[in-house]
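Text of protein_17.cif (mmCIF, C-alpha atoms and all ligand atoms) as supplied:
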data_run
loop_
_atom_site.label_atom_id
_atom_site.label_comp_id
_atom_site.auth_asym_id
_atom_site.auth_seq_id
_atom_site.Cartn_x
_atom_site.Cartn_y
_atom_site.Cartn_z
CA MET X 84 -128.02 3.89 50.23
CA TYR X 85 -125.14 6.26 50.97
CA ASP X 86 -121.75 5.36 49.66
CA GLU X 87 -118.55 7.36 49.73
CA GLU X 88 -117.28 6.65 46.27
CA HIS X 89 -120.34 7.62 44.26
CA ILE X 90 -121.58 11.18 44.39
CA LEU X 91 -124.59 10.41 42.20
CA ARG X 92 -126.45 7.25 41.28
CA ILE X 93 -129.17 7.28 38.65
CA GLU X 94 -131.40 4.20 38.60
CA ASP X 95 -133.84 3.32 35.81
CA LEU X 96 -134.59 6.97 35.10
CA LYS X 97 -137.44 7.73 32.72
CA VAL X 98 -138.34 11.17 31.41
CA GLU X 99 -141.19 11.89 29.04
CA PHE X 100 -142.67 14.83 27.15
CA PRO X 101 -146.36 14.38 26.37
CA ILE X 102 -147.02 15.99 22.97
CA SER X 103 -150.05 16.05 20.68
CA ILE X 104 -149.12 12.91 18.74
CA GLY X 105 -148.03 10.82 21.74
CA THR X 106 -145.30 10.73 24.35
CA VAL X 107 -141.63 11.46 23.64
CA ARG X 108 -139.59 9.02 25.72
CA ALA X 109 -136.53 11.24 25.92
CA VAL X 110 -134.81 9.25 28.68
CA ASN X 111 -135.91 5.65 28.74
CA GLY X 112 -134.48 3.61 31.59
CA VAL X 113 -131.06 5.10 32.28
CA ASP X 114 -128.69 3.75 34.94
CA LEU X 115 -125.56 5.76 35.65
CA GLU X 116 -123.12 6.14 38.53
CA LEU X 117 -120.77 9.08 38.98
CA VAL X 118 -117.55 8.61 40.88
CA ARG X 119 -116.61 11.51 43.16
CA GLY X 120 -114.08 13.81 41.47
CA GLU X 121 -114.35 12.38 37.96
CA VAL X 122 -115.13 14.12 34.69
CA MET X 123 -117.81 12.15 32.86
CA GLY X 124 -118.19 12.94 29.18
CA LEU X 125 -121.73 12.48 27.92
CA VAL X 126 -121.90 12.08 24.13
CA GLY X 127 -124.31 10.97 21.42
CA GLU X 128 -126.15 12.29 18.40
CA SER X 129 -128.48 15.27 18.60
CA GLY X 130 -131.80 14.39 20.23
CA CYS X 131 -130.54 11.32 22.12
CA GLY X 132 -131.49 12.81 25.49
CA LYS X 133 -128.25 14.29 26.87
CA SER X 134 -129.68 17.66 27.91
CA THR X 135 -132.87 16.06 29.20
CA LEU X 136 -130.78 13.82 31.44
CA GLY X 137 -128.77 16.85 32.64
CA PHE X 138 -131.86 18.92 33.35
CA SER X 139 -133.58 16.10 35.20
CA ILE X 140 -130.70 15.80 37.67
CA LEU X 141 -131.59 19.32 38.84
CA ARG X 142 -135.32 18.80 38.23
CA LEU X 143 -135.18 21.70 35.77
CA LEU X 144 -137.28 20.05 33.05
CA ARG X 145 -139.64 22.48 31.43
CA PRO X 146 -143.29 21.42 31.51
CA PRO X 147 -144.77 19.28 30.06
CA GLY X 148 -141.51 17.33 30.57
CA ARG X 149 -141.64 15.11 33.63
CA ILE X 150 -139.77 12.34 35.37
CA SER X 151 -142.04 9.33 35.09
CA GLY X 152 -139.91 6.79 36.91
CA GLY X 153 -136.63 5.96 38.58
CA ARG X 154 -134.38 7.48 41.20
CA ILE X 155 -131.53 10.00 41.30
CA ILE X 156 -129.61 9.40 44.49
CA TYR X 157 -127.34 12.28 45.49
CA ASN X 158 -125.42 11.83 48.74
CA GLY X 159 -128.02 9.34 49.91
CA HIS X 160 -131.08 11.45 49.01
CA ASP X 161 -133.43 10.86 46.10
CA ILE X 162 -133.69 14.07 44.07
CA VAL X 163 -136.81 12.74 42.31
CA GLN X 164 -138.67 12.79 45.64
CA MET X 165 -137.39 16.16 46.91
CA GLY X 166 -139.76 19.00 47.80
CA GLN X 167 -139.32 22.54 46.46
CA GLU X 168 -137.37 23.79 49.47
CA GLU X 169 -134.83 20.98 49.37
CA LEU X 170 -134.49 21.44 45.62
CA LEU X 171 -133.78 25.15 45.91
CA ALA X 172 -131.08 24.44 48.46
CA LEU X 173 -129.59 21.83 46.16
CA ARG X 174 -129.48 23.96 43.03
CA GLY X 175 -126.44 26.13 42.88
CA SER X 176 -125.03 25.31 46.27
CA LYS X 177 -124.55 21.56 45.74
CA ILE X 178 -125.17 20.94 42.06
CA ALA X 179 -124.69 23.68 39.47
CA MET X 180 -125.34 23.72 35.75
CA ILE X 181 -123.93 25.86 32.94
CA PHE X 182 -125.60 26.18 29.60
CA GLN X 183 -124.70 26.60 25.99
CA ASP X 184 -125.36 30.28 25.50
CA PRO X 185 -123.87 32.55 28.15
CA LEU X 186 -125.40 35.74 26.77
CA THR X 187 -129.00 34.67 27.23
CA SER X 188 -128.20 33.51 30.76
CA LEU X 189 -126.88 36.91 31.89
CA ASN X 190 -129.23 39.85 32.39
CA PRO X 191 -128.04 42.83 30.30
CA LEU X 192 -129.47 45.30 32.84
CA PHE X 193 -127.35 44.04 35.72
CA SER X 194 -123.63 44.44 36.26
CA ILE X 195 -121.53 41.32 36.68
CA GLY X 196 -121.15 42.15 40.38
CA GLU X 197 -124.92 42.34 40.82
CA HIS X 198 -125.27 38.89 39.28
CA PHE X 199 -122.87 37.48 41.86
CA VAL X 200 -124.44 39.30 44.81
CA GLU X 201 -127.92 38.08 43.80
CA THR X 202 -126.73 34.51 43.46
CA LEU X 203 -125.04 34.58 46.86
CA ARG X 204 -127.99 36.23 48.58
CA ALA X 205 -130.43 33.69 47.21
CA HIS X 206 -128.62 31.05 49.27
CA GLU X 207 -127.00 33.00 52.10
CA LYS X 208 -129.62 35.49 53.18
CA GLY X 209 -127.57 37.46 55.71
CA ILE X 210 -124.44 38.06 53.62
CA SER X 211 -123.39 41.71 53.30
CA LYS X 212 -122.81 43.28 49.91
CA LYS X 213 -119.18 43.90 50.80
CA ASP X 214 -118.56 40.25 51.74
CA ALA X 215 -120.42 39.06 48.67
CA LEU X 216 -118.29 41.25 46.38
CA GLU X 217 -115.09 40.15 48.08
CA ARG X 218 -115.94 36.50 47.54
CA SER X 219 -116.94 37.18 43.95
CA GLU X 220 -113.62 38.92 43.31
CA LYS X 221 -111.73 35.86 44.53
CA VAL X 222 -113.69 33.57 42.24
CA LEU X 223 -113.22 35.90 39.26
CA GLU X 224 -109.51 36.03 39.90
CA SER X 225 -109.29 32.23 40.04
CA LEU X 226 -110.83 32.37 36.55
CA GLY X 227 -108.23 34.85 35.31
CA ILE X 228 -110.52 37.89 35.32
CA ALA X 229 -109.54 41.08 37.17
CA GLY X 230 -111.78 41.81 40.16
CA GLU X 231 -112.65 45.33 39.02
CA ARG X 232 -114.56 43.93 36.07
CA LEU X 233 -117.38 43.16 38.50
CA ARG X 234 -118.52 46.73 37.76
CA GLU X 235 -118.97 46.03 34.07
CA TYR X 236 -122.04 44.82 32.20
CA PRO X 237 -122.44 41.63 30.11
CA HIS X 238 -122.26 43.49 26.77
CA GLN X 239 -118.83 44.85 27.66
CA MET X 240 -117.36 41.36 27.71
CA SER X 241 -116.23 38.93 25.03
CA GLY X 242 -117.88 35.54 24.53
CA GLY X 243 -115.05 33.75 26.30
CA MET X 244 -115.20 36.18 29.21
CA ARG X 245 -118.96 35.73 29.56
CA GLN X 246 -118.50 31.98 29.58
CA ARG X 247 -116.02 32.38 32.45
CA ILE X 248 -118.51 34.57 34.29
CA MET X 249 -121.10 31.80 33.95
CA ILE X 250 -118.63 29.35 35.43
CA GLY X 251 -117.91 31.82 38.23
CA LEU X 252 -121.61 32.11 39.01
CA ALA X 253 -121.84 28.33 39.03
CA LEU X 254 -118.85 28.02 41.39
CA ILE X 255 -119.49 30.87 43.83
CA LEU X 256 -121.57 28.65 46.12
CA ASN X 257 -118.99 25.88 46.09
CA PRO X 258 -120.99 23.09 44.46
CA ASP X 259 -119.55 19.60 44.33
CA LEU X 260 -121.17 18.60 41.06
CA LEU X 261 -121.10 20.71 37.90
CA ILE X 262 -123.20 19.83 34.86
CA ALA X 263 -121.83 21.61 31.78
CA ASP X 264 -124.15 21.31 28.76
CA GLU X 265 -122.24 22.10 25.54
CA PRO X 266 -120.31 24.80 27.40
CA THR X 267 -118.01 25.70 24.50
CA THR X 268 -120.40 25.87 21.55
CA ALA X 269 -120.42 29.67 21.53
CA LEU X 270 -116.62 29.96 21.70
CA ASP X 271 -113.97 30.02 18.99
CA VAL X 272 -111.42 27.21 18.91
CA ILE X 273 -108.65 28.99 20.81
CA VAL X 274 -110.90 30.30 23.56
CA GLU X 275 -112.48 26.87 23.70
CA ALA X 276 -109.12 25.20 24.34
CA GLN X 277 -108.35 27.72 27.09
CA PHE X 278 -111.75 27.13 28.59
CA LEU X 279 -111.25 23.37 28.76
CA ASP X 280 -107.86 23.87 30.46
CA LEU X 281 -109.57 26.13 32.93
CA LEU X 282 -112.24 23.54 33.65
CA ASP X 283 -109.49 21.01 34.29
CA ASP X 284 -107.75 23.36 36.77
CA LEU X 285 -111.01 24.13 38.51
CA ARG X 286 -111.91 20.54 39.02
CA LYS X 287 -108.71 20.08 41.00
CA GLN X 288 -108.93 23.39 42.84
CA TYR X 289 -112.58 23.00 43.83
CA ASN X 290 -112.65 19.19 43.98
CA LEU X 291 -115.49 19.11 41.48
CA THR X 292 -117.22 16.22 39.83
CA ILE X 293 -118.17 17.26 36.29
CA ILE X 294 -120.64 15.98 33.72
CA LEU X 295 -119.46 17.37 30.37
CA ILE X 296 -122.20 17.13 27.75
CA THR X 297 -120.84 17.61 24.25
CA HIS X 298 -121.06 16.87 20.55
CA ASN X 299 -117.38 17.37 20.31
CA LEU X 300 -115.38 14.20 20.84
CA GLY X 301 -112.15 16.24 20.95
CA ASN X 302 -113.40 17.88 24.14
CA VAL X 303 -114.09 14.64 25.91
CA ALA X 304 -110.85 13.11 24.74
CA GLN X 305 -108.99 15.99 26.37
CA LEU X 306 -110.84 16.21 29.66
CA ALA X 307 -112.96 13.19 30.53
CA ASP X 308 -111.96 10.27 32.75
CA ARG X 309 -114.90 8.22 31.54
CA ILE X 310 -117.37 8.49 28.69
CA THR X 311 -121.04 7.64 28.56
CA VAL X 312 -122.48 7.12 25.08
CA MET X 313 -126.21 7.70 24.79
CA TYR X 314 -128.49 6.54 22.01
CA GLY X 315 -132.23 7.05 21.70
CA GLY X 316 -132.83 7.88 25.35
CA THR X 317 -130.76 4.95 26.60
CA ILE X 318 -127.14 4.31 27.49
CA ALA X 319 -125.29 2.29 24.89
CA GLU X 320 -121.86 2.11 26.54
CA VAL X 321 -119.87 3.45 29.48
CA GLY X 322 -116.13 3.08 29.92
CA PRO X 323 -112.78 4.76 30.60
CA ALA X 324 -112.29 7.56 28.06
CA GLN X 325 -109.10 6.30 26.44
CA SER X 326 -110.41 2.77 26.18
CA ILE X 327 -113.68 3.95 24.60
CA PHE X 328 -111.59 5.61 21.87
CA ASP X 329 -109.14 2.73 21.45
CA GLU X 330 -111.56 -0.14 21.68
CA PRO X 331 -115.23 0.80 21.45
CA LEU X 332 -117.37 -2.29 22.02
CA HIS X 333 -120.95 -1.23 21.35
CA PRO X 334 -121.72 -1.15 17.61
CA TYR X 335 -123.15 2.35 18.02
CA THR X 336 -119.96 3.64 19.66
CA GLN X 337 -117.96 2.00 16.88
CA GLY X 338 -120.08 3.70 14.25
CA LEU X 339 -119.82 7.02 16.00
CA LEU X 340 -116.01 6.87 16.11
CA ALA X 341 -115.70 5.53 12.58
CA SER X 342 -117.64 8.49 11.24
CA ILE X 343 -114.88 10.80 12.47
CA PRO X 344 -111.96 11.07 10.02
CA ASN X 345 -109.16 11.66 12.49
CA ILE X 346 -109.84 12.66 15.99
CA LYS X 347 -106.31 13.84 16.68
CA LEU X 348 -106.12 16.20 13.72
CA ASP X 349 -108.82 18.69 14.67
CA GLN X 350 -111.85 19.03 16.86
CA PRO X 351 -114.38 17.05 14.90
CA GLU X 352 -118.11 17.28 15.39
CA LEU X 353 -119.98 14.02 15.70
CA LYS X 354 -121.24 13.10 12.25
CA THR X 355 -124.33 11.02 11.76
CA MET X 356 -123.94 7.44 10.56
CA PRO X 357 -126.16 5.71 7.97
CA GLY X 358 -129.81 5.53 8.93
CA SER X 359 -131.54 7.94 11.23
CA PRO X 360 -131.98 8.20 14.99
CA PRO X 361 -135.08 6.51 16.40
CA ASP X 362 -138.49 8.09 16.71
CA LEU X 363 -138.74 8.52 20.47
CA VAL X 364 -142.53 8.63 20.36
CA ASP X 365 -142.58 5.12 18.92
CA PRO X 366 -139.14 3.61 19.56
CA PRO X 367 -138.17 0.29 17.93
CA ALA X 368 -138.91 -2.86 19.92
CA GLY X 369 -135.98 -4.67 21.54
CA CYS X 370 -132.69 -2.79 21.24
CA VAL X 371 -133.38 0.79 20.19
CA PHE X 372 -130.28 0.68 17.92
CA HIS X 373 -131.21 -2.54 16.07
CA PRO X 374 -132.53 -0.92 12.84
CA ARG X 375 -129.10 0.64 12.25
CA CYS X 376 -126.92 -2.09 13.68
CA PRO X 377 -124.65 -4.03 11.29
CA TYR X 378 -124.66 -7.04 13.67
CA VAL X 379 -128.39 -7.23 14.32
CA MET X 380 -129.63 -10.64 15.52
CA ASP X 381 -133.11 -11.99 16.02
CA ILE X 382 -133.15 -11.37 19.76
CA CYS X 383 -132.20 -7.68 19.23
CA THR X 384 -135.52 -7.03 17.50
CA LYS X 385 -137.49 -8.54 20.38
CA GLU X 386 -135.85 -8.03 23.73
CA ARG X 387 -134.19 -5.01 25.18
CA PRO X 388 -130.57 -5.91 26.00
CA PRO X 389 -129.52 -5.78 29.65
CA VAL X 390 -126.11 -4.41 30.64
CA PHE X 391 -123.10 -6.64 30.06
CA ALA X 392 -119.56 -5.98 31.31
CA ARG X 393 -116.39 -6.54 29.27
CA ASN X 394 -112.88 -4.99 29.45
CA GLY X 395 -113.97 -2.40 32.01
CA HIS X 396 -116.83 -1.21 29.77
CA ARG X 397 -120.53 -1.74 30.27
CA MET X 398 -122.63 -2.22 27.16
CA SER X 399 -126.31 -2.62 26.61
CA CYS X 400 -125.88 -5.04 23.70
CA TRP X 401 -126.75 -8.69 23.04
CA LEU X 402 -123.38 -9.27 21.33
CA TYR X 403 -121.79 -9.45 24.78
CA ARG X 404 -124.22 -11.90 26.29
N1 LIG C 501 -139.90 20.47 25.58
C1 LIG C 501 -139.91 19.38 24.81
N2 LIG C 501 -141.05 18.93 24.26
C2 LIG C 501 -141.08 17.81 23.48
N3 LIG C 501 -139.97 17.09 23.20
C3 LIG C 501 -138.81 17.49 23.72
C4 LIG C 501 -138.71 18.65 24.53
N4 LIG C 501 -137.40 18.81 24.89
C5 LIG C 501 -136.74 17.78 24.31
N5 LIG C 501 -137.58 16.99 23.62
C6 LIG C 501 -137.23 15.77 22.87
O1 LIG C 501 -136.51 14.91 23.71
C7 LIG C 501 -135.48 14.24 23.01
C8 LIG C 501 -134.15 14.49 23.68
O2 LIG C 501 -133.80 15.87 23.56
P1 LIG C 501 -132.51 16.49 24.21
O3 LIG C 501 -132.59 17.96 24.03
O4 LIG C 501 -132.36 15.97 25.58
O5 LIG C 501 -131.36 15.87 23.27
P2 LIG C 501 -129.80 16.20 23.24
O6 LIG C 501 -129.10 14.89 23.24
O7 LIG C 501 -129.45 17.18 24.29
O8 LIG C 501 -129.63 16.85 21.78
P3 LIG C 501 -128.62 18.01 21.28
O9 LIG C 501 -127.32 17.33 21.08
O10 LIG C 501 -129.23 18.46 20.00
O11 LIG C 501 -128.58 19.08 22.33
C9 LIG C 501 -135.55 14.77 21.57
O12 LIG C 501 -136.28 13.84 20.81
C10 LIG C 501 -136.29 16.07 21.71
O13 LIG C 501 -137.02 16.34 20.54
MG MG C 502 -128.72 19.12 24.29
#

Take the structure in this file and express it as structure tokens.
Amino acid sequence: MYDEEHILRIEDLKVEFPISIGTVRAVNGVDLELVRGEVMGLVGESGCGKSTLGFSILRLLRPPGRISGGRIIYNGHDIVQMGQEELLALRGSKIAMIFQDPLTSLNPLFSIGEHFVETLRAHEKGISKKDALERSEKVLESLGIAGERLREYPHQMSGGMRQRIMIGLALILNPDLLIADEPTTALDVIVEAQFLDLLDDLRKQYNLTIILITHNLGNVAQLADRITVMYGGTIAEVGPAQSIFDEPLHPYTQGLLASIPNIKLDQPELKTMPGSPPDLVDPPAGCVFHPRCPYVMDICTKERPPVFARNGHRMSCWLYR
């Protein structure tokens, strides 16, 4: 199952959250391949399952969330089947994740240096404090932060600085896949732009593959090679970033882009389109988007669309049958 080009292959992934009134099908049969070295933008309205997909790649779903089916093949190994020990080795050192809010992820009682030393020691038991600090300094400096700031504490740093620290902690073990979930939400627009430039530099420097989860289509336009559009726990469309913007093929992608006044003018948030996102406890039959789709046909209400290919995009939509 190993192949050189793809660092990660997700096959028919299903994730559910059992709740009192039923089961939330947060990820409902997702197939996705990541090409080594690419930046994949993952977009879609709130609640469509982006974070759940990101968390399941690292098996970090909080109970009662669970993977109920499918495979996540990373370098030939199925993450869904991994035992605890293998998972711990994978997290951080091979696949790292950064989250929305850097302040809650840093411990106010520990200096920045202590955060780095702890992270390194969790994976490289024998490493000396001196070596750990030296390596941390190098990473900080590659992020444009002076090494002596390792002595400082999280509250002494600005939001942008803390976000860089989070990236540093994610990179210190040299992962090859970085999952960034809304990494710029806590930043102002200028710091955000700098941060995205930095991410772009780092991907080259560290040869990273990145999944960039975001509400902000401006971010993906700037950084992503390809874009995956999610809707209601499924993938609506995948394609090269520029082509998704220029010629969206799935009606949901079209609606999403049309609801943005002018993407080049500012950094627009995704706005919702008419109708509301599906109830994931009781999703519509057939295509999950059919109740909102302007082109709905009879078959859409009955059968779930398979994936069709057109113009380098892949759409789950009966229009392209
Ligand atoms: N712990 C949980 N218990 C029950 N339902 C959950 C839980 N976590 C997520 N969900 C549900 O799973 C679905 C997907 O949520 P998820 O957080 O993955 O969406 P998202 O695309 O990341 O949204 P956002 O853009 O708001 O971050 C939603 O319907 C959400 O309500
Ligand atoms: Mg999310």

Listed atoms of ligand LIG 501 (chain C) boxed axis-aligned with 3 Å per side, centre + edges as JSON:
{"center_x": -134.2, "center_y": 17.2, "center_z": 22.8, "size_x": 19.8, "size_y": 12.6, "size_z": 11.6}

Set the distance at 8 Å and use only C-alpha atoms: which residues neighbour Ser219 (chain X) once local chain neighbours fewer than 5 positions away are removed? I'd like the list as a compact mmCIF listing (two decimals) with C-alpha atoms, keeping the file's coordinate frame.
# COMPACT_ATOMS: atom_id res chain seq x y z
CA GLY X 196 -121.15 42.15 40.38
CA PHE X 199 -122.87 37.48 41.86
CA VAL X 200 -124.44 39.30 44.81
CA GLY X 230 -111.78 41.81 40.16
CA GLY X 251 -117.91 31.82 38.23
CA ILE X 255 -119.49 30.87 43.83

Wanna dump the region 144-241 of chain X-region 259-266 of chain X contacts at 7 Å for me, each residue with its shortest atom pair and the distance in Å to one decimal, counting all atoms listed in the file, ordered by chain and number, as a Markdown table?
| residue | atom | partner | partner_atom | distance |
| --- | --- | --- | --- | --- |
| X:Lys177 | CA | X:Asp259 | CA | 5.6 |
| X:Ile178 | CA | X:Leu260 | CA | 4.7 |
| X:Ala179 | CA | X:Leu261 | CA | 4.9 |
| X:Met180 | CA | X:Ile262 | CA | 4.5 |
| X:Ile181 | CA | X:Ala263 | CA | 4.9 |
| X:Phe182 | CA | X:Asp264 | CA | 5.2 |
| X:Gln183 | CA | X:Pro266 | CA | 4.9 |

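With all atoms listed in the file as the basis for measurement, X:Leu189 is the residue among X:Thr268, X:Leu189, X:Glu224, X:Leu281 that approaches His238 (chain X) most closely.
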
Considering only C-alpha atoms, return as a PDB file with C-alpha atoms, in the coordinates of the input whatever protein or nucleic-acid residues lie within 8 Å of Glu116 (chain X), sequence-local ones (same chain, fewer than 3 positions apart) excluded.
ATOM      1  CA  HIS X  89    -120.340   7.620  44.260  1.00  0.00           C
ATOM      2  CA  ILE X  90    -121.580  11.180  44.390  1.00  0.00           C
ATOM      3  CA  LEU X  91    -124.590  10.410  42.200  1.00  0.00           C
ATOM      4  CA  ARG X  92    -126.450   7.250  41.280  1.00  0.00           C
ATOM      5  CA  ILE X  93    -129.170   7.280  38.650  1.00  0.00           C
TER       6      ILE X  93
END

Q.
Within 8 Å of ligand LIG 501 (chain C) (counting all atoms listed in the file), which residues show up? I'd like them as a PyMOL selection string.
A. chain X and resi 99-102+107-110+126-137+144-148+265+297-298+313+315-316+362-363

Q: Take CA of Ala215 (chain X) and CA of Ser139 (chain X) and report the distance between them in Å, one decimal.
A: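 Separating CA of Ala215 (chain X) from CA of Ser139 (chain X) is a distance of 29.7 Å.
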
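For region 375-381 of chain X, the non-local neighbours within 10 Å, defined as residues at least 2 positions apart in the same chain or in other chains and counting all atoms listed in the file, are His333, Pro334, Tyr335, Gly338, Met356, Pro357, Gly358, Ser359, Pro360, Pro361, Gly369, Cys370, Val371, Phe372, His373, Cys383, Thr384, Lys385, Glu386, Cys400, Trp401 and Leu402 of chain X.
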
Q: Have a look at X:Arg119, X:Leu295, X:Ser151, X:Val113 and name the one nearest to ligand MG 502 (chain C); count all atoms listed in the file.
A: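 Result for the nearest residue to ligand MG 502 (chain C): X:Leu295.
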
Q: Considering all atoms listed in the file, state which residue in the set X:Glu168, X:Leu282, X:Leu115, X:Leu340 is at the smallest distance from Gln246 (chain X).
A: X:Leu282

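Here CA of Asp214 (chain X) and CA of Ile293 (chain X) stand 27.7 Å from one another.
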
Q. Between CA of Asn299 (chain X) and CA of Asn394 (chain X), what is the spacing in Å?
A. 24.6 Å

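Closest approach to ligand MG 502 (chain C) from the set X:Val98, X:Leu125, X:Pro388, X:Gly243 is made by X:Leu125, with distances taken over all atoms listed in the file.
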
Q) Within 7 Å of (-119.4, 7.6, 32.1), in the coordinates the file gives, what residues turn up when you count all atoms listed in the file, written out as an NGL selection string? A) :X and (123-125 or 309-311 or 321-322)

Q) In terms of the shortest atom-to-atom distance over all atoms listed in the file, which of X:Ile273, X:Ile162, X:Arg218, X:Phe138 is closest to ligand MG 502 (chain C)? A)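 Among X:Ile273, X:Ile162, X:Arg218, X:Phe138, it is X:Phe138 that comes nearest to ligand MG 502 (chain C).
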
Selection near Leu306 (chain X), 7 Å with all atoms listed in the file, sequence-local residues under 3 positions removed, as an mmCIF file with C-alpha atoms, keeping the file's coordinate frame:
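The result, stored in result10.cif:
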data_model
loop_
_atom_site.group_PDB
_atom_site.id
_atom_site.type_symbol
_atom_site.label_atom_id
_atom_site.label_comp_id
_atom_site.auth_asym_id
_atom_site.auth_seq_id
_atom_site.Cartn_x
_atom_site.Cartn_y
_atom_site.Cartn_z
ATOM 1 C CA VAL X 122 -115.130 14.120 34.690
ATOM 2 C CA ASP X 283 -109.490 21.010 34.290
ATOM 3 C CA ASN X 302 -113.400 17.880 24.140
ATOM 4 C CA VAL X 303 -114.090 14.640 25.910
#

Q: Place a sphere of radius 12 Å on (-109.4, 33.7, 41.9) in the file coordinates and name every protein, DNA or RNA residue with an atom inside or on its surface, counting only C-alpha atoms; give the answer as a PyMOL selection string.
A: chain X and resi 217-230+247-248+251+254-255+281+284-285+288-289

Q) So, counting all atoms listed in the file, which residue among X:His160, X:Arg149, X:Lys287, X:His198 is closest to Pro237 (chain X)? A)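 Smallest distance to Pro237 (chain X) is found for X:His198.
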